[in-house]
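Colleague: Mind looking over this structure? Questions follow.
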Amino acid sequence: LSFFLYFVITKDYTRRVTVSGEVTTWPRPVNIYADVQGFVVDRFVTEGQVVKKNTPLYQIDVSKSTRNGVVSSRHHADITNQIRQVDNIISGLKDSKKATLDALEKQKIQYIQALQSSSDIIRHAEEGIRIMKKNMDNYRQYKSRGLITKDQLTNQETIYYQQQSNLLGLNSQNEQNALQLTSLESQIRIQAAEFDNRIYQMILQRYELQKELINTDIESAVIIRALSDGKIDSLSVSTGQMVSAGDSLAQILPDTVRHYYLVLWVPNTAVPYIATGDRVNIRYEAFPAEKFGQFPGIIQSISRAPATPQEMRTYQGAPQNTSSLSVPYYKVITQLDRQSITYGGKSRPLENGMKAQVTLFLEKRKIWQWMLSPFYDMKNSTTGPVNE
């Protein structure tokens, strides 16, 4: 009796709970799901193949058919024909622009030559008029000295003023050539701008048709691509198989695994009694404890909010709540002391998705306190309202 009392009074016992978990890697494997309903018409990769991000994996046909054929195919053909017609119009506009501008440039060259020629004629005419004016001044001096008659002076003056009138006509023609040249340069710019605007409008129409063509392609077929670099671990569907939105298509393992860790799902009744840094005991289903024993681990992080059902569904080993029983679970990350298991002289690595049972050590009490726990429960059940 004394030994029993000594044992009950002095010895401690730590309450413990067993929770489920699974091994995963950092970074985690990537699961590819279908986001449309259709038929797999092509598969571009094989299991074990190394892929890069955005590598095509599957092509899924999502087109719809009527009595007149596949809707998307007919629409695709119509849009392609419209794009071809727009391309022909753009090509014709470019040819017309070139022909029009070439013709205007030829006229411009002709007027430039005419302007240069008229300018040269005017320059020579002005030189001749200066000489004639000098002669007319000399004739006036000759008349004043009585060397020539008045009729001779009048004739010389008439010739001078007639040449001056001709020079005014040449200047007028020269100005007309300059104005016409300026008008042609302006017309060249206007015609080029008008053609460019019409070509630009057709290019915009072509872009709209291309966008519509892309949407048509999306409505007819969808390419499923890799979301990250890695190695194809599994392919869930084959060519000709029908898939629905949400169906699993492939799983990609990361090309570089930094380390393995254990994801635990701890009920809310145990979360208040654990902390980061606590030691845990791990038993892997693949390595039975009867043969391999238990393995150590350390709690690395504890979530502060319950895990959502969507997050838990991404882990195959997560407990599933039912409509009649819903328990809040918290995600706990556990660091593994050993990344592989040695057996038979060989190192056997841990793998993604391996299930494990983990023992968590909760609060510690004296044995006599544990023995009195039912009485505390009875007391709490019979206690009235608590006044703070």
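Ordering of the structure tokens sets the chain letters (A, B, ...); residue numbers start at 1 within each chain; ligands are numbered from 1 in the order shown.
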Using only C-alpha atoms, which residues of region 13-83 of chain A come within 12 Å of region 275-280 of chain A, and what is the closest atom pair for each, with the distance in Å to one decimal? Give it as JSON lines, sorted by chain and residue number.
Modeller:
{"residue": "A:Arg16", "atom": "CA", "partner": "A:Val280", "partner_atom": "CA", "distance": 10.0}
{"residue": "A:Val17", "atom": "CA", "partner": "A:Val280", "partner_atom": "CA", "distance": 10.4}
{"residue": "A:Thr18", "atom": "CA", "partner": "A:Val280", "partner_atom": "CA", "distance": 10.0}
{"residue": "A:Val19", "atom": "CA", "partner": "A:Val280", "partner_atom": "CA", "distance": 10.7}
Colleague: Skip Gly230 (chain A) itself and residues of its chain fewer than 5 positions away, then list as a list in words all residues within 8 Å of it, counting only C-alpha atoms.
Modeller: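 Non-adjacent residues within range: Val50, Val51, Lys52, Ile252, Leu253, Pro254, Asp255 and Thr256 of chain A.
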Colleague: Counting only C-alpha atoms, which residues of region 177-262 of chain A fall within 10 Å of region 337-345 of chain A, and what is the closest atom pair for each with its distance in Å at one decimal, ordered by chain and rising number, as JSON lines?
Modeller:
{"residue": "A:His259", "atom": "CA", "partner": "A:Gln339", "partner_atom": "CA", "distance": 7.4}
{"residue": "A:Tyr260", "atom": "CA", "partner": "A:Gln339", "partner_atom": "CA", "distance": 6.3}
{"residue": "A:Tyr261", "atom": "CA", "partner": "A:Gln339", "partner_atom": "CA", "distance": 8.4}
Colleague: I'd like to know which of A:Leu336, A:Leu184, A:Leu350, A:Leu167 is closest to Ala125 (chain A), using only C-alpha atoms.
Modeller: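 Residue with the minimum atom-to-atom distance to Ala125 (chain A): A:Leu167.
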Colleague: With a distance cut-off of 9 Å and only C-alpha atoms, select the neighbouring residues of region 326-332 of chain A, excluding the residue or stretch itself and same-chain residues fewer than 2 positions from it, and output the selection as a PDB file with N, CA and C atoms, in the first residue's frame.
Modeller:
ATOM      1  N   LEU A 262       6.844  16.138 -42.531  1.00  0.00           N
ATOM      2  CA  LEU A 262       5.614  15.418 -42.208  1.00  0.00           C
ATOM      3  C   LEU A 262       4.508  16.431 -41.927  1.00  0.00           C
ATOM      4  N   VAL A 263       3.364  16.236 -42.585  1.00  0.00           N
ATOM      5  CA  VAL A 263       2.195  17.083 -42.358  1.00  0.00           C
ATOM      6  C   VAL A 263       1.229  16.334 -41.446  1.00  0.00           C
ATOM      7  N   LEU A 264       0.923  16.939 -40.309  1.00  0.00           N
ATOM      8  CA  LEU A 264       0.007  16.330 -39.340  1.00  0.00           C
ATOM      9  C   LEU A 264      -1.287  17.121 -39.295  1.00  0.00           C
ATOM     10  N   TRP A 265      -2.366  16.418 -38.966  1.00  0.00           N
ATOM     11  CA  TRP A 265      -3.665  17.059 -38.787  1.00  0.00           C
ATOM     12  C   TRP A 265      -4.088  16.828 -37.339  1.00  0.00           C
ATOM     13  N   VAL A 266      -3.983  17.884 -36.547  1.00  0.00           N
ATOM     14  CA  VAL A 266      -4.186  17.779 -35.098  1.00  0.00           C
ATOM     15  C   VAL A 266      -5.553  18.355 -34.746  1.00  0.00           C
ATOM     16  N   PRO A 267      -6.399  17.608 -34.006  1.00  0.00           N
ATOM     17  CA  PRO A 267      -7.712  18.137 -33.624  1.00  0.00           C
ATOM     18  C   PRO A 267      -7.574  19.289 -32.636  1.00  0.00           C
ATOM     19  N   ASN A 268      -8.621  20.090 -32.551  1.00  0.00           N
ATOM     20  CA  ASN A 268      -8.558  21.274 -31.690  1.00  0.00           C
ATOM     21  C   ASN A 268      -8.403  20.920 -30.217  1.00  0.00           C
ATOM     22  N   THR A 269      -8.748  19.679 -29.831  1.00  0.00           N
ATOM     23  CA  THR A 269      -8.618  19.290 -28.420  1.00  0.00           C
ATOM     24  C   THR A 269      -7.166  19.105 -28.002  1.00  0.00           C
ATOM     25  N   VAL A 271      -4.425  20.821 -29.808  1.00  0.00           N
ATOM     26  CA  VAL A 271      -3.569  21.936 -30.231  1.00  0.00           C
ATOM     27  C   VAL A 271      -3.092  22.804 -29.071  1.00  0.00           C
ATOM     28  N   ILE A 299       8.314  19.297 -33.880  1.00  0.00           N
ATOM     29  CA  ILE A 299       7.286  20.184 -34.422  1.00  0.00           C
ATOM     30  C   ILE A 299       7.938  21.488 -34.874  1.00  0.00           C
ATOM     31  N   GLN A 300       7.736  21.812 -36.147  1.00  0.00           N
ATOM     32  CA  GLN A 300       8.369  23.004 -36.725  1.00  0.00           C
ATOM     33  C   GLN A 300       7.424  24.200 -36.770  1.00  0.00           C
ATOM     34  N   SER A 301       6.166  23.971 -37.078  1.00  0.00           N
ATOM     35  CA  SER A 301       5.199  25.074 -37.134  1.00  0.00           C
ATOM     36  C   SER A 301       3.804  24.540 -36.875  1.00  0.00           C
ATOM     37  N   ILE A 302       2.956  25.427 -36.338  1.00  0.00           N
ATOM     38  CA  ILE A 302       1.563  25.089 -36.029  1.00  0.00           C
ATOM     39  C   ILE A 302       0.692  26.198 -36.608  1.00  0.00           C
ATOM     40  N   SER A 303      -0.300  25.820 -37.404  1.00  0.00           N
ATOM     41  CA  SER A 303      -1.179  26.841 -37.982  1.00  0.00           C
ATOM     42  C   SER A 303      -2.046  27.460 -36.893  1.00  0.00           C
ATOM     43  N   ARG A 304      -2.393  28.721 -37.074  1.00  0.00           N
ATOM     44  CA  ARG A 304      -3.191  29.436 -36.086  1.00  0.00           C
ATOM     45  C   ARG A 304      -4.681  29.394 -36.401  1.00  0.00           C
ATOM     46  N   ALA A 305      -5.026  28.902 -37.557  1.00  0.00           N
ATOM     47  CA  ALA A 305      -6.430  28.792 -37.953  1.00  0.00           C
ATOM     48  C   ALA A 305      -6.686  27.373 -38.439  1.00  0.00           C
ATOM     49  N   PRO A 306      -7.890  26.873 -38.255  1.00  0.00           N
ATOM     50  CA  PRO A 306      -8.191  25.519 -38.732  1.00  0.00           C
ATOM     51  C   PRO A 306      -7.994  25.409 -40.240  1.00  0.00           C
ATOM     52  N   ALA A 307      -7.555  24.248 -40.667  1.00  0.00           N
ATOM     53  CA  ALA A 307      -7.364  24.009 -42.100  1.00  0.00           C
ATOM     54  C   ALA A 307      -8.718  23.954 -42.799  1.00  0.00           C
ATOM     55  N   THR A 308      -8.775  24.495 -43.996  1.00  0.00           N
ATOM     56  CA  THR A 308     -10.011  24.477 -44.771  1.00  0.00           C
ATOM     57  C   THR A 308     -10.189  23.104 -45.423  1.00  0.00           C
ATOM     58  N   MET A 312      -7.322  20.474 -47.080  1.00  0.00           N
ATOM     59  CA  MET A 312      -7.170  19.095 -46.622  1.00  0.00           C
ATOM     60  C   MET A 312      -7.382  18.104 -47.758  1.00  0.00           C
ATOM     61  N   PRO A 319      -7.633  13.470 -42.565  1.00  0.00           N
ATOM     62  CA  PRO A 319      -8.920  12.919 -42.116  1.00  0.00           C
ATOM     63  C   PRO A 319     -10.070  13.635 -42.804  1.00  0.00           C
ATOM     64  N   GLN A 320     -11.126  12.908 -43.062  1.00  0.00           N
ATOM     65  CA  GLN A 320     -12.276  13.466 -43.753  1.00  0.00           C
ATOM     66  C   GLN A 320     -13.415  13.676 -42.766  1.00  0.00           C
ATOM     67  N   ASN A 321     -13.911  14.915 -42.715  1.00  0.00           N
ATOM     68  CA  ASN A 321     -15.076  15.206 -41.890  1.00  0.00           C
ATOM     69  C   ASN A 321     -16.344  14.750 -42.597  1.00  0.00           C
ATOM     70  N   THR A 322     -17.319  14.364 -41.822  1.00  0.00           N
ATOM     71  CA  THR A 322     -18.622  13.970 -42.358  1.00  0.00           C
ATOM     72  C   THR A 322     -19.652  15.015 -41.968  1.00  0.00           C
ATOM     73  N   SER A 323     -20.820  14.912 -42.593  1.00  0.00           N
ATOM     74  CA  SER A 323     -21.877  15.885 -42.300  1.00  0.00           C
ATOM     75  C   SER A 323     -22.353  15.788 -40.856  1.00  0.00           C
ATOM     76  N   SER A 324     -22.258  14.591 -40.271  1.00  0.00           N
ATOM     77  CA  SER A 324     -22.726  14.414 -38.894  1.00  0.00           C
ATOM     78  C   SER A 324     -21.649  14.729 -37.866  1.00  0.00           C
ATOM     79  N   THR A 334       6.013  18.947 -39.225  1.00  0.00           N
ATOM     80  CA  THR A 334       6.992  18.274 -38.373  1.00  0.00           C
ATOM     81  C   THR A 334       8.277  18.025 -39.151  1.00  0.00           C
TER      82      THR A 334
END
Colleague: Can you list every residue in region 16-184 of chain A that DSSP puts in strand (DSSP E), as a count of residues only?
Modeller: 33
Colleague: Which residue, A:Val257, A:Ile223, A:Leu170, A:Ile274, has the smallest gap to Arg43 (chain A) when you use only C-alpha atoms?
Modeller: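 Among the listed residues, A:Ile223 lies closest to Arg43 (chain A).
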Colleague: Which residue out of A:Ser220, A:Lys355, A:Gln156, A:Ser119 has the minimum interatomic distance to Lys134 (chain A) when only C-alpha atoms are used?
Modeller: A:Gln156
Colleague: To one decimal place, how far is CA of Gln173 (chain A) from CA of Ser117 (chain A) in Å?
Modeller: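 CA of Ser117 (chain A) lies at a distance of 11.0 Å from CA of Gln173 (chain A).
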Colleague: Any idea what's packed within 8 Å of Val45 (chain A), counting only C-alpha atoms, ignoring anything in its chain fewer than 3 positions away? Could you give it as a list of chain:residue names?
Modeller: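 Using only C-alpha atoms, the neighbours found are A:Gln49, A:Pro56, A:Leu57, A:Tyr58.
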Colleague: Applying 9 Å and only C-alpha atoms, which residues near Arg258 (chain A) remain after dropping the ones on its own chain fewer than 4 positions away? List them as a list in words.
Modeller: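 Counting only the stated atoms, we get Thr25, Trp26 and Pro27 of chain A.
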Colleague: From the options A:Ile131, A:Val30, A:Ala270, A:Ile333, which residue's atoms come nearest to Phe361 (chain A), counting only C-alpha atoms?
Modeller: A:Ala270
Colleague: When you count only C-alpha atoms, which of these residues is closest to Asn215 (chain A): A:Gln357, A:Ser183, A:Ser63, A:Gln162?
Modeller: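 Result for the nearest residue to Asn215 (chain A): A:Ser63.
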Colleague: Residues of region 28-251 of chain A classed as helix (DSSP H, G or I) by DSSP on the backbone are to be reported as a PyMOL selection string.
Modeller: chain A and resi 71-144+150-220
